[in-house]
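Engineer: Sharing a structure here in structure tokens format.
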Amino acid sequence: MKINIITLGCSKNTVDSENIAGHLRKAGFDIFFDRKQNDCDIIIVNTCGFIGDAKEESINTLLEQVEIKQRGRKARKIIAVGCLIERYKKELKKEIPEIDAFFGVHEWDKLVASLISEYSGYFEKERTLSTPRHYAYLKISEGCNRACSYCAIPLIRGKHISRPIDELVAEAKEMVRSGVKEIIVIAQDTTYYGLDLYGKRRLGELLNRLAEESGAEWIRLHYTYPTSFPVDAIEAIRNHPNICNYIDIPLQHINSGILTSMQRGIDKKGTLDLLKKFREEIPNVSIRTTLIVGYPTETEADFEELKDFVREARFDRMGAFAYSPEEGTPAEKLGDPIPEEEKQRRLDELMAIQEQISLDKNEEKIGRTYKTIIDRKEGDLYIGRTEFDSPEVDDEVIINPTDIPLKKGEFYNVRITKAYENDLEGEIVL
């Protein structure tokens, strides 16, 4: 039987889907990820429930699969799983009764058991990668102990649970043995790692061991948190050439009043000091962040302050989204007073500023040569990335045709010849 696993949302969901796939493939199922052909017997949709747009996408995807099934296509069973189901299982069962089964994020074993009659064992130990062979995500913990006012993730995923260092290093080694060149370290909050398990933060130690023992050519750090950022993690990035000079750190805002309301545990000065520390201690560091516009207490003056911050901070990469109220979160009681049109205006203005900054920074790269990994080929062009860009969310390098065929997953030196807001062009340096 064929099973198609459709994954929505973040890379943490990707890892969950890969763990599900590992068990099902071991049991003899033919597994596909995000397959476009409607020829699978079972469809598993791993949903996202983070913000309004993500929830809408998840519901629309479920409805699309129901419609395909009702038209008499191959699918005999549709299974909805993941974050949206964890929060709204009862409502979704009522609203979309055509779905055959629902499982939340704490029910992966029940999902697998529903398809494998003799299933027993430890869920995390099986995994089939859905990413290109040369990169993979390493999820170092589950859940979150933060209390950000706007975020429902702790309500969905529960408390922070770190995985042991030895277990993570062993998994990373296995990834490299299977062909992975780039390991991307992820969690809901990577900087909290170890506090629950060892009584202190041990992200720096984990990064050191991954760099020294895994054999990975690139190690990349995602989903850090600004409050109590571990200094030893900065030292690890600086000291190991195979740890990318790259930090993903969602800051959400810069106004101290809004940061207090958001319960972020840091103010404007603390944020600026941390960014300064990154740039002073990690040569050529690339900083990626995410910001929220339209938070309930955000005034026009607060938004202007945020715009000034983006202009001055000059992030290498930046994303932003409009605030959406989430049930059960502390910010829900603040209401949603800013109209959607106003939120969109602010979002557009903020991203326009960042696009110009991104173009300026990319133009500075023209004439320079960078180690670049090849992700794929499109027609005659090869598409790659430098260490300053993460897959799927950041810029890419478009490499002009060459007489020498390039290999996906291999590294090459590329001289940058052109720059755009969100991409670079280059040529191979032999």
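Just so we're on the same page: first chain in the structure tokens is A, next is B, and so on; residues restart at 1 for each chain, and ligands are numbered from 1 in the order they show up.
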Please, which residues of range 357-399 of chain A, numbered as in this document, come out strand (DSSP E) from DSSP, as a list in words?
Structural biologist: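 Written out, the strand (DSSP E) residues of range 357-399 of chain A are Thr369, Tyr370, Lys371, Thr372, Ile373, Ile374, Asp375, Arg376, Lys377, Glu378, Leu381, Tyr382, Ile383, Gly384, Arg385, Glu396, Val397, Ile398 and Ile399 of chain A.
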Engineer: Give me the residues within 10 Å of Lys159 in chain A as a VMD selection string, counting only C-alpha atoms and dropping any in the same chain fewer than 4 places off.
Structural biologist: chain A and resid 141 to 146 153 to 155 196
Engineer: Could you write out the selected residues, including N, CA and C atoms, as a PDB file, in the first residue's frame?
Structural biologist:
ATOM      1  N   SER A 141      14.993  18.973  20.994  1.00  0.00           N
ATOM      2  CA  SER A 141      14.064  18.967  22.123  1.00  0.00           C
ATOM      3  C   SER A 141      12.651  19.097  21.603  1.00  0.00           C
ATOM      4  N   GLU A 142      11.711  18.862  22.493  1.00  0.00           N
ATOM      5  CA  GLU A 142      10.290  18.995  22.170  1.00  0.00           C
ATOM      6  C   GLU A 142       9.664  19.962  23.161  1.00  0.00           C
ATOM      7  N   GLY A 143       8.603  20.667  22.729  1.00  0.00           N
ATOM      8  CA  GLY A 143       7.880  21.541  23.624  1.00  0.00           C
ATOM      9  C   GLY A 143       8.599  22.846  23.926  1.00  0.00           C
ATOM     10  N   CYS A 144       8.015  23.648  24.825  1.00  0.00           N
ATOM     11  CA  CYS A 144       8.563  24.968  25.133  1.00  0.00           C
ATOM     12  C   CYS A 144       8.125  25.420  26.519  1.00  0.00           C
ATOM     13  N   ASN A 145       9.065  25.982  27.277  1.00  0.00           N
ATOM     14  CA  ASN A 145       8.769  26.504  28.612  1.00  0.00           C
ATOM     15  C   ASN A 145       8.587  28.018  28.629  1.00  0.00           C
ATOM     16  N   ARG A 146       8.681  28.671  27.472  1.00  0.00           N
ATOM     17  CA  ARG A 146       8.472  30.115  27.413  1.00  0.00           C
ATOM     18  C   ARG A 146       6.989  30.437  27.585  1.00  0.00           C
ATOM     19  N   ILE A 153       2.087  27.588  21.041  1.00  0.00           N
ATOM     20  CA  ILE A 153       2.896  26.373  20.957  1.00  0.00           C
ATOM     21  C   ILE A 153       3.005  25.633  22.295  1.00  0.00           C
ATOM     22  N   PRO A 154       3.256  26.325  23.420  1.00  0.00           N
ATOM     23  CA  PRO A 154       3.288  25.578  24.681  1.00  0.00           C
ATOM     24  C   PRO A 154       1.977  24.859  24.986  1.00  0.00           C
ATOM     25  N   LEU A 155       0.851  25.443  24.559  1.00  0.00           N
ATOM     26  CA  LEU A 155      -0.448  24.797  24.763  1.00  0.00           C
ATOM     27  C   LEU A 155      -0.585  23.554  23.895  1.00  0.00           C
ATOM     28  N   ASP A 196      16.342  21.553  31.434  1.00  0.00           N
ATOM     29  CA  ASP A 196      15.445  20.609  32.100  1.00  0.00           C
ATOM     30  C   ASP A 196      16.132  19.279  32.404  1.00  0.00           C
TER      31      ASP A 196
END
Engineer: Write out as a VMD selection string which residues come within 12 Å of Pro97 in chain A when counting only C-alpha atoms, dropping same-chain ones fewer than 3 positions away.
Structural biologist: chain A and resid 62 to 63 66 78 to 80 89 to 94 100 to 102
Engineer: Put those residues in a file: C-alpha atoms, as a PDB file, in the first residue's frame.
Structural biologist:
ATOM      1  CA  LEU A  62      -7.696  18.606   4.459  1.00  0.00           C
ATOM      2  CA  LEU A  63     -10.746  19.706   2.475  1.00  0.00           C
ATOM      3  CA  VAL A  66     -11.548  14.958   1.066  1.00  0.00           C
ATOM      4  CA  ILE A  78      -7.406  10.283   5.100  1.00  0.00           C
ATOM      5  CA  ILE A  79      -5.659  10.793   8.437  1.00  0.00           C
ATOM      6  CA  ALA A  80      -5.241  14.246  10.002  1.00  0.00           C
ATOM      7  CA  LYS A  89      -9.637  17.654  17.360  1.00  0.00           C
ATOM      8  CA  LYS A  90     -13.197  17.755  18.717  1.00  0.00           C
ATOM      9  CA  GLU A  91     -14.246  20.624  16.460  1.00  0.00           C
ATOM     10  CA  LEU A  92     -12.607  19.158  13.361  1.00  0.00           C
ATOM     11  CA  LYS A  93     -14.208  15.761  13.896  1.00  0.00           C
ATOM     12  CA  LYS A  94     -17.558  17.535  13.825  1.00  0.00           C
ATOM     13  CA  ASP A 100     -11.077   8.855   8.842  1.00  0.00           C
ATOM     14  CA  ALA A 101      -8.836   9.464  11.871  1.00  0.00           C
ATOM     15  CA  PHE A 102      -7.354  12.278  13.948  1.00  0.00           C
TER      16      PHE A 102
END
Engineer: Using only C-alpha atoms, which of the listed residues (A:Ser117, A:Gln65, A:Lys333, A:Thr7) sits closest to Cys83 in chain A?
Structural biologist: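 Of the candidates, the smallest distance to Cys83 in chain A is held by A:Thr7.
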Engineer: Range 290-293 of chain A: which residues within 7 Å, counting only C-alpha atoms, same-chain residues fewer than 3 positions away excluded, as a count of residues only?
Structural biologist: 13
Engineer: Just list the residues in range 5-237 of chain A DSSP gives helix (DSSP H, G or I) on the backbone, as an MDAnalysis selection string.
Structural biologist: chainID A and resid 11:26 52:70 83:95 108:115 123:125 153:157 165:177 190:192 195:198 203:213 231:237
Engineer: Between CA of Glu64 in chain A and CA of Ile99 in chain A, what is the distance in Å, rounded to a tenth?
Structural biologist: 11.3 Å
Engineer: At a cut-off of 8 Å, using only C-alpha atoms, what residues contact range 380-393 of chain A? Leave out same-chain residues fewer than 6 positions from it and give the result as a PyMOL selection string.
Structural biologist: chain A and resi 218+220+244-246+285-286+370-374+399-401+406
Engineer: Show me, as CSV, the residues of range 300-397 of chain A having an atom within 12 Å of range 272-275 of chain A, each with the closest atom pair and its distance in Å, using only C-alpha atoms.
Structural biologist:
residue,atom,partner,partner_atom,distance
A:Phe309,CA,A:Leu272,CA,9.3
A:Val310,CA,A:Leu272,CA,11.4
A:Glu312,CA,A:Leu272,CA,10.2
A:Ala313,CA,A:Leu275,CA,8.1
A:Arg314,CA,A:Leu275,CA,10.6
A:Phe315,CA,A:Leu275,CA,9.8
Engineer: For the residues in the current selection, export N, CA, C and O atoms as a PDB file, in the first residue's frame.
Structural biologist:
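Final output, saved to part24.pdb:
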ATOM      1  N   PHE A 309      14.393  50.436  13.682  1.00  0.00           N
ATOM      2  CA  PHE A 309      15.223  49.323  14.151  1.00  0.00           C
ATOM      3  C   PHE A 309      15.697  48.457  12.983  1.00  0.00           C
ATOM      4  O   PHE A 309      16.871  48.099  12.883  1.00  0.00           O
ATOM      5  N   VAL A 310      14.786  48.130  12.080  1.00  0.00           N
ATOM      6  CA  VAL A 310      15.146  47.302  10.923  1.00  0.00           C
ATOM      7  C   VAL A 310      16.174  48.016  10.054  1.00  0.00           C
ATOM      8  O   VAL A 310      17.139  47.406   9.575  1.00  0.00           O
ATOM      9  N   GLU A 312      18.382  50.192  11.041  1.00  0.00           N
ATOM     10  CA  GLU A 312      19.661  50.278  11.741  1.00  0.00           C
ATOM     11  C   GLU A 312      20.303  48.901  11.944  1.00  0.00           C
ATOM     12  O   GLU A 312      21.523  48.761  11.848  1.00  0.00           O
ATOM     13  N   ALA A 313      19.503  47.888  12.227  1.00  0.00           N
ATOM     14  CA  ALA A 313      20.044  46.554  12.505  1.00  0.00           C
ATOM     15  C   ALA A 313      20.564  45.881  11.243  1.00  0.00           C
ATOM     16  O   ALA A 313      21.509  45.096  11.298  1.00  0.00           O
ATOM     17  N   ARG A 314      19.947  46.197  10.116  1.00  0.00           N
ATOM     18  CA  ARG A 314      20.373  45.648   8.818  1.00  0.00           C
ATOM     19  C   ARG A 314      20.569  44.128   8.891  1.00  0.00           C
ATOM     20  O   ARG A 314      21.661  43.593   8.708  1.00  0.00           O
ATOM     21  N   PHE A 315      19.466  43.458   9.145  1.00  0.00           N
ATOM     22  CA  PHE A 315      19.507  42.001   9.199  1.00  0.00           C
ATOM     23  C   PHE A 315      19.854  41.433   7.832  1.00  0.00           C
ATOM     24  O   PHE A 315      19.439  41.953   6.792  1.00  0.00           O
TER      25      PHE A 315
END
Engineer: Rounded to one decimal place, report the CA of Lys269 in chain A-CA of Asp308 in chain A distance in Å.
Structural biologist: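 Computing the Euclidean distance for CA of Lys269 in chain A and CA of Asp308 in chain A yields 14.4 Å.
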Engineer: Rank nothing, just name the residue among A:Ile183, A:Lys173, A:Ile20, A:Ala352 nearest to Lys110 in chain A, using only C-alpha atoms.
Structural biologist: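 Closest residue, counting only C-alpha atoms: A:Ile20.
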Engineer: I'd like to know which of A:Gly335, A:Asp316, A:Val414, A:Leu115 is closest to Arg279 in chain A, using only C-alpha atoms.
Structural biologist: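 That would be A:Asp316, the residue with the smallest distance to Arg279 in chain A.
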Engineer: Pick the closest to Val169 in chain A from A:Leu206, A:Gly294, A:Val45, A:Asp395: which is it, counting only C-alpha atoms?
Structural biologist: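 Answer, going by the shortest atom-to-atom distance: A:Leu206.
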